[in-house]
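Notes for the one structure printed next.
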Amino acid sequence: MSETTTGASYAAAGVDIEAGDRAVELMKEWVRKTRRPEVLGGLGGFAGLFDASALKRYERPLLASATDGVGTKVDLARKMGVYDTIGHDLVGMVVDDLVVCGAEPLFMTDYICVGKVHPERVAAIVKGIAEGCVLAGCALVGGETAEHPGLLGEDDFDVAGAGTGVVEADRLLGADRIRTGDAVIAMASSGLHSNGYSLVRHVVFDRAGWSLDREVAEFGRTLGEELLEPTKIYSLDCLALARTTEVHAFSHITGGGLAANLARVIPDGLHATVDRSTWTPGAVFDVVGTAGRVERLELEKTLNMGVGMMAVVPAESADAALTTLADRGVDAWIAGEITDRAGHTTGATLTGDYAG
């Protein structure tokens with residue numbers, strides 16, 4: 001071998017360890033903002049530490065775990081060069097699955113996969129995740145940034161996260177608590193959230209031929225700004241509702257749409273009827289439906305249609321529940337009721353036409 005021949009190296013293969021180290025330094029200040037008293041140590045260890053002795057106050061603590069990503073919404077963030085909102089989406093997808101059973105989110109970890117580490121970009125993504133964790137009341141105890149040259153383009157990336165929460169066993173929410181006559185309360189979404197973007201992207205780009213900088217009158221802003229609107233995080237609102245009002249169940253409205261997700265918490269023998277006339281979906285849902293000539297049922301089984309979370313409460317608790325949510329700035333309304341399953345083949349159906 002010639003003495004002038006340069007040997008192979010990790011850097012030559014496309015992995016920049018120094019860039020990864022710089023990304024960690026840039027994200028540390030944001031991770032610190034999520035710290036809870038139970039968190040031990042700092043960022044940079046091999047594992048995040050959480051003091052489980054805090055669970056001693058529980059009679060029978062049940063740990064809840066959830067993991068998720070944000071799907072093809074990351075492609076829009078990449079194309080717009082906006083990286084500090086996608087983390088809100090990631091946190092919302094994880095913690096609001098945890099809170100459905102009544103669990104308080106305790107901590108999260110994240111996984112960011114990139115084609116090439118751009119430290120400021122990775123730090124911006126983590127900034128969004130940290131901000132989401134603050135909104136959810138949970139700690140970001142660690143994560144991983146993986147560089148995959150050759151598998152991903154230099155500007156490509158994806159994110160995923162996992163969260164852990166805790167709920168007292170006798171406070172566990174779910175189908176077994178639901179009774180005939182219960183009220184179904186809907187909580188407004190902030191828009192599309194993080195589901196259905198494969199359909200949305202097909203409609204606005206492939207069928208309508210729009211660009212992300214297109215001004216859309218119905219939105220009062222550009223298409224890209226509307227599509228990147230962060231997912232609303234409901235966890236603290238749901239926990240406050242469960243503390244102040246009797247709640248039987250929550251349902252996080254994500255992929256599969258409103259009826260299918262609500263049906264997941266409805267017990268055999270009972271049925272949830274949701275009246276469309278109780279709300280008007282945001283403009284984005286009508287625009288997507290019209291631009292793509294998408295049938296209403298197809299929209300409803302793909303998108304949240306303006307409802308991001310639902311609560312099932314005793315009818316006599318509905319007014320108090322609405323007051324609690326209003327005090328917290330959550331737009332909510334009574335959207336339906338629980339009846340016997342007789343004559344219905346599924347656990348939940350939508351009836352009527354949307355208002356407006």
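So you can find residues: chains in the structure tokens are A, B, ... in the order shown, residues in each start at 1, and ligands are numbered from 1 in order.
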
Practice prompt. Please identify which residues in range 62-164 of chain A DSSP calls strand (DSSP E) from the backbone, and express them as a count of residues only.
Written response: 36

Worksheet entry | Neighbour list for Val313 in chain A as a ChimeraX atom specification, cut-off 7 Å, only C-alpha atoms, skip fewer than 2 positions in-chain | /A:182-184,246-248,311,315,317-318

Contacts between range 151-155 of chain A and range 57-78 of chain A, please, where a residue of range 57-78 of chain A counts if it comes within 12 Å (with only C-alpha atoms); show its shortest atom pair and distance in Å to one decimal, rows by chain and ascending number, as CSV.
residue,atom,partner,partner_atom,distance
A:Val74,CA,A:Asp155,CA,11.1
A:Asp75,CA,A:Asp155,CA,9.8
A:Leu76,CA,A:Asp155,CA,11.9
A:Ala77,CA,A:Asp155,CA,10.7
A:Arg78,CA,A:Asp155,CA,7.1

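Minimum distance to Val294 in chain A across A:Asp340, A:Lys79, A:Ala260, A:Leu199 (counting only C-alpha atoms) occurs at A:Leu199.
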
Fill in: Coordinates-based distance that separates CA of Ser190 in chain A from CA of Thr85 in chain A (Å, one decimal)
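Between CA of Thr85 in chain A and CA of Ser190 in chain A the gap is 13.1 Å.
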
Worksheet item: From the list A:Ala335, A:Ala272, A:Ala283, A:Val166, which residue is nearest Ala103 in chain A when using only C-alpha atoms?
Response: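 The shortest atom-to-atom distance to Ala103 in chain A comes from A:Val166.
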
Fill in: Spatial neighbours of Val70 in chain A, 8 Å, only C-alpha atoms, chain gap at least 5 places, as a PyMOL selection string
chain A and resi 86+89-90+93+159-160+194-195
